[in-house]
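Following: one structure in structure tokens, then a few remarks.
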Amino acid sequence: MTKELSSAAKLRDALEEEIVTGQILPGARLDEVSLAERFGVSRTPVREALHQLASAGLVEIQPRRGATVTELHADTLVEMFDVMAELEAMAVGLAARRHTEADKKAIVSAHAECKRAAKSGDVDRYYYANEAFHDALYAASHHAFLITQCRQLHRRLKAYRRLQLRVRHRVSASLAEHQSIIDAILAFDQAQAAACARRHIVVQGERFGDLIASLKSLAAAE
């Protein structure tokens, strides 16, 4: 990874955090020059970071207007998690039927890294390990169109999934849910694998309350 790409990734993460916690409000303009000065980088990583945020749906880039923060309401966010839950359920169900030995190794290896990250107490490390784990699940479905859809929506929601991991005990719960998914896949139990994947993603009841509370508390803490 080049220095500028590394700077872009760090900048993307910083801006992503500020957007989802409300420090940068919906509709706010993200000026390349101002951001470059603020973070002490050139405009190249700023531009790359903004394009990454745009691909995740957190930012809109329009000719002559530049980049602005997208407005996303809580009910829309929950609906998106509902769709993500169904897409992942389908992918994981297919993975239970179609996974190869190479898929098994990739999934187990990604889960092992999640365990190491959880043990270290580094939530951001777990976030990236978790992303690799889910991508291994998608790949094991061997359904090209579904894989593309899962990856696109995952990118759209990953900032909020990251935020959820900061809720107390969520990392340990996530890790246990991963194990239940793996157990079902390796048992070739399509229905159970899909059900476990769906429960892992869907945001209802306490999970919804936790997400909204974490959004508000993080914004208030700044």
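Naming scheme: A, B, ... for chains in displayed order of the structure tokens; residues 1 onward per chain; ligands 1 onward as shown.
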
Per residue of range 4-48 of chain A within 10 Å of range 61-65 of chain A, what are the shortest atom pair and its distance in Å to one decimal, counting only C-alpha atoms, with rows by chain and residue number, as a tab-separated table?
residue	atom	partner	partner_atom	distance
A:Arg29	CA	A:Arg65	CA	8.3
A:Leu30	CA	A:Ile61	CA	9.6
A:Asp31	CA	A:Arg65	CA	9.7

Keeping only C-alpha atoms, write those residues as a short mmCIF file (atom, residue, chain, number, x, y, z; two decimals), in the first residue's frame.
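Wrote it out as out.cif, contents follow:
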data_model
loop_
_atom_site.label_atom_id
_atom_site.label_comp_id
_atom_site.auth_asym_id
_atom_site.auth_seq_id
_atom_site.Cartn_x
_atom_site.Cartn_y
_atom_site.Cartn_z
CA ARG A 29 -20.09 20.23 2.19
CA LEU A 30 -16.74 18.47 2.36
CA ASP A 31 -14.18 20.80 0.81
#

Write out as an mmCIF file with N, CA, C and O atoms, in the first residue's frame each polymer residue whose atoms come within 10 Å of Ala54 in chain A, counting only C-alpha atoms; drop sequence neighbours fewer than 3 positions from it.
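Result written to out_11.cif:
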data_model
loop_
_atom_site.group_PDB
_atom_site.id
_atom_site.type_symbol
_atom_site.label_atom_id
_atom_site.label_comp_id
_atom_site.auth_asym_id
_atom_site.auth_seq_id
_atom_site.Cartn_x
_atom_site.Cartn_y
_atom_site.Cartn_z
ATOM 1 N N GLU A 48 -9.408 10.652 -2.891
ATOM 2 C CA GLU A 48 -9.610 9.201 -2.850
ATOM 3 C C GLU A 48 -10.538 8.823 -1.697
ATOM 4 O O GLU A 48 -11.435 7.995 -1.849
ATOM 5 N N ALA A 49 -10.332 9.441 -0.538
ATOM 6 C CA ALA A 49 -11.176 9.150 0.624
ATOM 7 C C ALA A 49 -12.629 9.518 0.345
ATOM 8 O O ALA A 49 -13.559 8.772 0.697
ATOM 9 N N LEU A 50 -12.846 10.655 -0.297
ATOM 10 C CA LEU A 50 -14.209 11.088 -0.613
ATOM 11 C C LEU A 50 -14.882 10.142 -1.598
ATOM 12 O O LEU A 50 -16.081 9.845 -1.475
ATOM 13 N N HIS A 51 -14.118 9.659 -2.557
ATOM 14 C CA HIS A 51 -14.684 8.698 -3.520
ATOM 15 C C HIS A 51 -15.034 7.382 -2.826
ATOM 16 O O HIS A 51 -16.051 6.748 -3.157
ATOM 17 N N GLY A 57 -21.949 5.294 0.007
ATOM 18 C CA GLY A 57 -23.215 5.995 0.133
ATOM 19 C C GLY A 57 -23.268 7.032 1.240
ATOM 20 O O GLY A 57 -24.324 7.608 1.499
ATOM 21 N N LEU A 58 -22.135 7.294 1.886
ATOM 22 C CA LEU A 58 -22.119 8.282 2.963
ATOM 23 C C LEU A 58 -21.960 9.698 2.435
ATOM 24 O O LEU A 58 -22.274 10.671 3.137
ATOM 25 N N VAL A 59 -21.466 9.813 1.217
ATOM 26 C CA VAL A 59 -21.203 11.117 0.606
ATOM 27 C C VAL A 59 -21.744 11.119 -0.813
ATOM 28 O O VAL A 59 -21.740 10.083 -1.489
ATOM 29 N N GLU A 60 -22.228 12.247 -1.254
ATOM 30 C CA GLU A 60 -22.667 12.426 -2.639
ATOM 31 C C GLU A 60 -21.725 13.410 -3.323
ATOM 32 O O GLU A 60 -21.429 14.477 -2.767
ATOM 33 N N ILE A 61 -21.229 13.051 -4.492
ATOM 34 C CA ILE A 61 -20.331 13.923 -5.247
ATOM 35 C C ILE A 61 -21.042 14.354 -6.522
ATOM 36 O O ILE A 61 -21.441 13.524 -7.331
ATOM 37 N N ALA A 67 -18.448 17.456 -2.882
ATOM 38 C CA ALA A 67 -18.934 16.382 -2.014
ATOM 39 C C ALA A 67 -19.768 16.934 -0.865
ATOM 40 O O ALA A 67 -19.382 17.898 -0.202
ATOM 41 N N THR A 68 -20.909 16.302 -0.619
ATOM 42 C CA THR A 68 -21.756 16.644 0.519
ATOM 43 C C THR A 68 -22.161 15.362 1.247
ATOM 44 O O THR A 68 -22.234 14.288 0.635
ATOM 45 N N VAL A 69 -22.433 15.484 2.526
ATOM 46 C CA VAL A 69 -22.803 14.320 3.335
ATOM 47 C C VAL A 69 -24.241 13.917 3.048
ATOM 48 O O VAL A 69 -25.147 14.746 3.036
ATOM 49 N N THR A 70 -24.438 12.633 2.800
ATOM 50 C CA THR A 70 -25.766 12.091 2.510
ATOM 51 C C THR A 70 -26.618 12.059 3.776
ATOM 52 O O THR A 70 -26.124 11.774 4.862
ATOM 53 N N ARG A 156 -22.066 -0.118 1.982
ATOM 54 C CA ARG A 156 -23.011 0.954 2.325
ATOM 55 C C ARG A 156 -23.259 1.018 3.831
ATOM 56 O O ARG A 156 -23.505 2.094 4.387
#

Subject >> Shell of 12 Å around range 124-126 of chain A, only C-alpha atoms, local chain residues under 3 positions omitted, as a count of residues only >> reply: 34

Subject >> Near-Ala36 in chain A list (12 Å; only C-alpha atoms; drop same-chain fewer than 2 positions) as a PyMOL selection string >> reply: chain A and resi 7-8+11+30-34+38-50

Just write the chosen residues, all heavy atoms, as a short mmCIF file (atom, residue, chain, number, x, y, z; two decimals), in the first residue's frame.
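Output file out_35.cif follows:
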data_model
loop_
_atom_site.label_atom_id
_atom_site.label_comp_id
_atom_site.auth_asym_id
_atom_site.auth_seq_id
_atom_site.Cartn_x
_atom_site.Cartn_y
_atom_site.Cartn_z
N SER A 7 -2.83 7.07 3.58
CA SER A 7 -3.39 8.32 4.09
C SER A 7 -4.86 8.42 3.75
O SER A 7 -5.67 8.88 4.57
CB SER A 7 -2.63 9.51 3.49
OG SER A 7 -1.28 9.52 3.90
N ALA A 8 -5.23 7.98 2.56
CA ALA A 8 -6.63 8.02 2.14
C ALA A 8 -7.48 7.13 3.03
O ALA A 8 -8.60 7.50 3.42
CB ALA A 8 -6.76 7.60 0.68
N LEU A 11 -7.88 8.75 6.43
CA LEU A 11 -8.77 9.91 6.30
C LEU A 11 -10.21 9.45 6.12
O LEU A 11 -11.13 10.02 6.72
CB LEU A 11 -8.33 10.76 5.11
CG LEU A 11 -9.13 12.02 4.81
CD1 LEU A 11 -9.18 12.94 6.02
CD2 LEU A 11 -8.52 12.77 3.62
N LEU A 30 -18.07 18.92 2.00
CA LEU A 30 -16.74 18.47 2.36
C LEU A 30 -15.75 19.04 1.34
O LEU A 30 -15.63 18.52 0.22
CB LEU A 30 -16.68 16.93 2.38
CG LEU A 30 -17.62 16.27 3.40
CD1 LEU A 30 -17.61 14.76 3.22
CD2 LEU A 30 -17.21 16.64 4.82
N ASP A 31 -15.08 20.09 1.72
CA ASP A 31 -14.18 20.80 0.81
C ASP A 31 -12.80 20.15 0.80
O ASP A 31 -12.18 19.97 1.86
CB ASP A 31 -14.07 22.27 1.25
CG ASP A 31 -13.13 23.05 0.37
OD1 ASP A 31 -13.45 23.26 -0.81
OD2 ASP A 31 -12.06 23.45 0.88
N GLU A 32 -12.31 19.82 -0.37
CA GLU A 32 -11.02 19.13 -0.49
C GLU A 32 -9.88 19.94 0.10
O GLU A 32 -9.02 19.40 0.81
CB GLU A 32 -10.72 18.81 -1.97
CG GLU A 32 -11.58 17.72 -2.56
CD GLU A 32 -11.16 17.39 -3.99
OE1 GLU A 32 -10.08 17.85 -4.42
OE2 GLU A 32 -11.92 16.67 -4.67
N VAL A 33 -9.84 21.23 -0.19
CA VAL A 33 -8.75 22.08 0.29
C VAL A 33 -8.74 22.16 1.81
O VAL A 33 -7.71 22.00 2.46
CB VAL A 33 -8.84 23.49 -0.32
CG1 VAL A 33 -7.77 24.39 0.28
CG2 VAL A 33 -8.69 23.43 -1.84
N SER A 34 -9.92 22.38 2.39
CA SER A 34 -10.03 22.49 3.84
C SER A 34 -9.65 21.19 4.53
O SER A 34 -8.95 21.19 5.55
CB SER A 34 -11.46 22.87 4.24
OG SER A 34 -11.81 24.13 3.70
N ARG A 38 -6.61 20.51 7.10
CA ARG A 38 -6.95 20.00 8.44
C ARG A 38 -6.17 18.74 8.80
O ARG A 38 -5.68 18.60 9.92
CB ARG A 38 -8.45 19.71 8.50
CG ARG A 38 -8.90 19.10 9.82
CD ARG A 38 -10.37 18.71 9.76
NE ARG A 38 -10.72 17.87 10.88
CZ ARG A 38 -11.84 17.18 10.97
NH1 ARG A 38 -12.74 17.25 9.99
NH2 ARG A 38 -12.09 16.41 12.02
N PHE A 39 -6.05 17.82 7.83
CA PHE A 39 -5.39 16.54 8.12
C PHE A 39 -3.91 16.52 7.71
O PHE A 39 -3.23 15.51 7.90
CB PHE A 39 -6.14 15.40 7.42
CG PHE A 39 -7.47 15.09 8.05
CD1 PHE A 39 -8.64 15.65 7.55
CD2 PHE A 39 -7.56 14.26 9.16
CE1 PHE A 39 -9.88 15.38 8.13
CE2 PHE A 39 -8.77 13.98 9.75
CZ PHE A 39 -9.94 14.54 9.24
N GLY A 40 -3.43 17.62 7.16
CA GLY A 40 -2.02 17.71 6.81
C GLY A 40 -1.60 16.77 5.70
O GLY A 40 -0.52 16.16 5.75
N VAL A 41 -2.45 16.64 4.69
CA VAL A 41 -2.15 15.78 3.55
C VAL A 41 -2.38 16.55 2.25
O VAL A 41 -2.91 17.67 2.27
CB VAL A 41 -3.02 14.51 3.55
CG1 VAL A 41 -2.73 13.66 4.78
CG2 VAL A 41 -4.52 14.88 3.49
N SER A 42 -1.99 15.94 1.13
CA SER A 42 -2.26 16.56 -0.17
C SER A 42 -3.72 16.31 -0.54
O SER A 42 -4.44 15.56 0.14
CB SER A 42 -1.35 15.96 -1.24
OG SER A 42 -1.73 14.63 -1.53
N ARG A 43 -4.17 16.90 -1.63
CA ARG A 43 -5.56 16.72 -2.04
C ARG A 43 -5.82 15.34 -2.63
O ARG A 43 -6.97 14.90 -2.70
CB ARG A 43 -5.94 17.81 -3.05
CG ARG A 43 -6.01 19.21 -2.41
CD ARG A 43 -6.33 20.28 -3.42
NE ARG A 43 -7.66 20.13 -3.99
CZ ARG A 43 -8.19 20.95 -4.88
NH1 ARG A 43 -7.49 22.01 -5.29
NH2 ARG A 43 -9.42 20.77 -5.35
N THR A 44 -4.75 14.65 -3.05
CA THR A 44 -4.94 13.33 -3.67
C THR A 44 -5.58 12.32 -2.71
O THR A 44 -6.59 11.69 -3.06
CB THR A 44 -3.61 12.77 -4.21
OG1 THR A 44 -3.12 13.66 -5.21
CG2 THR A 44 -3.80 11.39 -4.82
N PRO A 45 -5.04 12.10 -1.49
CA PRO A 45 -5.71 11.18 -0.57
C PRO A 45 -7.09 11.67 -0.12
O PRO A 45 -7.97 10.85 0.15
CB PRO A 45 -4.73 11.07 0.61
CG PRO A 45 -3.88 12.28 0.53
CD PRO A 45 -3.76 12.58 -0.93
N VAL A 46 -7.27 12.98 -0.07
CA VAL A 46 -8.59 13.52 0.28
C VAL A 46 -9.60 13.12 -0.79
O VAL A 46 -10.70 12.66 -0.49
CB VAL A 46 -8.55 15.06 0.41
CG1 VAL A 46 -9.96 15.62 0.56
CG2 VAL A 46 -7.69 15.47 1.59
N ARG A 47 -9.21 13.32 -2.04
CA ARG A 47 -10.10 12.97 -3.16
C ARG A 47 -10.42 11.48 -3.15
O ARG A 47 -11.58 11.08 -3.35
CB ARG A 47 -9.42 13.38 -4.48
CG ARG A 47 -10.36 13.36 -5.67
CD ARG A 47 -9.66 13.92 -6.90
NE ARG A 47 -9.29 15.33 -6.72
CZ ARG A 47 -8.03 15.77 -6.69
NH1 ARG A 47 -7.03 14.93 -6.83
NH2 ARG A 47 -7.78 17.05 -6.51
N GLU A 48 -9.41 10.65 -2.89
CA GLU A 48 -9.61 9.20 -2.85
C GLU A 48 -10.54 8.82 -1.70
O GLU A 48 -11.43 8.00 -1.85
CB GLU A 48 -8.26 8.49 -2.70
CG GLU A 48 -8.36 6.98 -2.53
CD GLU A 48 -9.02 6.27 -3.70
OE1 GLU A 48 -8.97 6.80 -4.83
OE2 GLU A 48 -9.58 5.19 -3.48
N ALA A 49 -10.33 9.44 -0.54
CA ALA A 49 -11.18 9.15 0.62
C ALA A 49 -12.63 9.52 0.34
O ALA A 49 -13.56 8.77 0.70
CB ALA A 49 -10.67 9.92 1.85
N LEU A 50 -12.85 10.65 -0.30
CA LEU A 50 -14.21 11.09 -0.61
C LEU A 50 -14.88 10.14 -1.60
O LEU A 50 -16.08 9.84 -1.48
CB LEU A 50 -14.20 12.52 -1.17
CG LEU A 50 -13.81 13.61 -0.17
CD1 LEU A 50 -13.75 14.97 -0.87
CD2 LEU A 50 -14.79 13.66 1.00
#

**OP:** Taking the chain letters and numbering used in this document, name the residues of range 22-160 of chain A that DSSP puts in alpha helix (DSSP H), as a ChimeraX atom specification.
**Re:** /A:32-39,43-55,74-98,101-120,123-140,144-160

Could you build a table of the residues in range 83-107 of chain A lying no more than 6 Å from range 176-197 of chain A, giving for each the nearest pair of atoms and their separation in Å rounded to one decimal place, using only C-alpha atoms, ordered by chain and ascending residue number, as a tab-separated table?
residue	atom	partner	partner_atom	distance
A:Ala89	CA	A:Ala194	CA	4.1
A:Val92	CA	A:Ala194	CA	5.6
A:Gly93	CA	A:Gln190	CA	4.5
A:Ala96	CA	A:Ile185	CA	4.1
A:Arg97	CA	A:Phe188	CA	5.7

Original post:
For Gln149 in chain A, which residue among A:Lys104, A:Asp135, A:Val167, A:Gly27 is the nearest when counting only C-alpha atoms?
Top reply: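 Closest to Gln149 in chain A of all the choices is A:Asp135.
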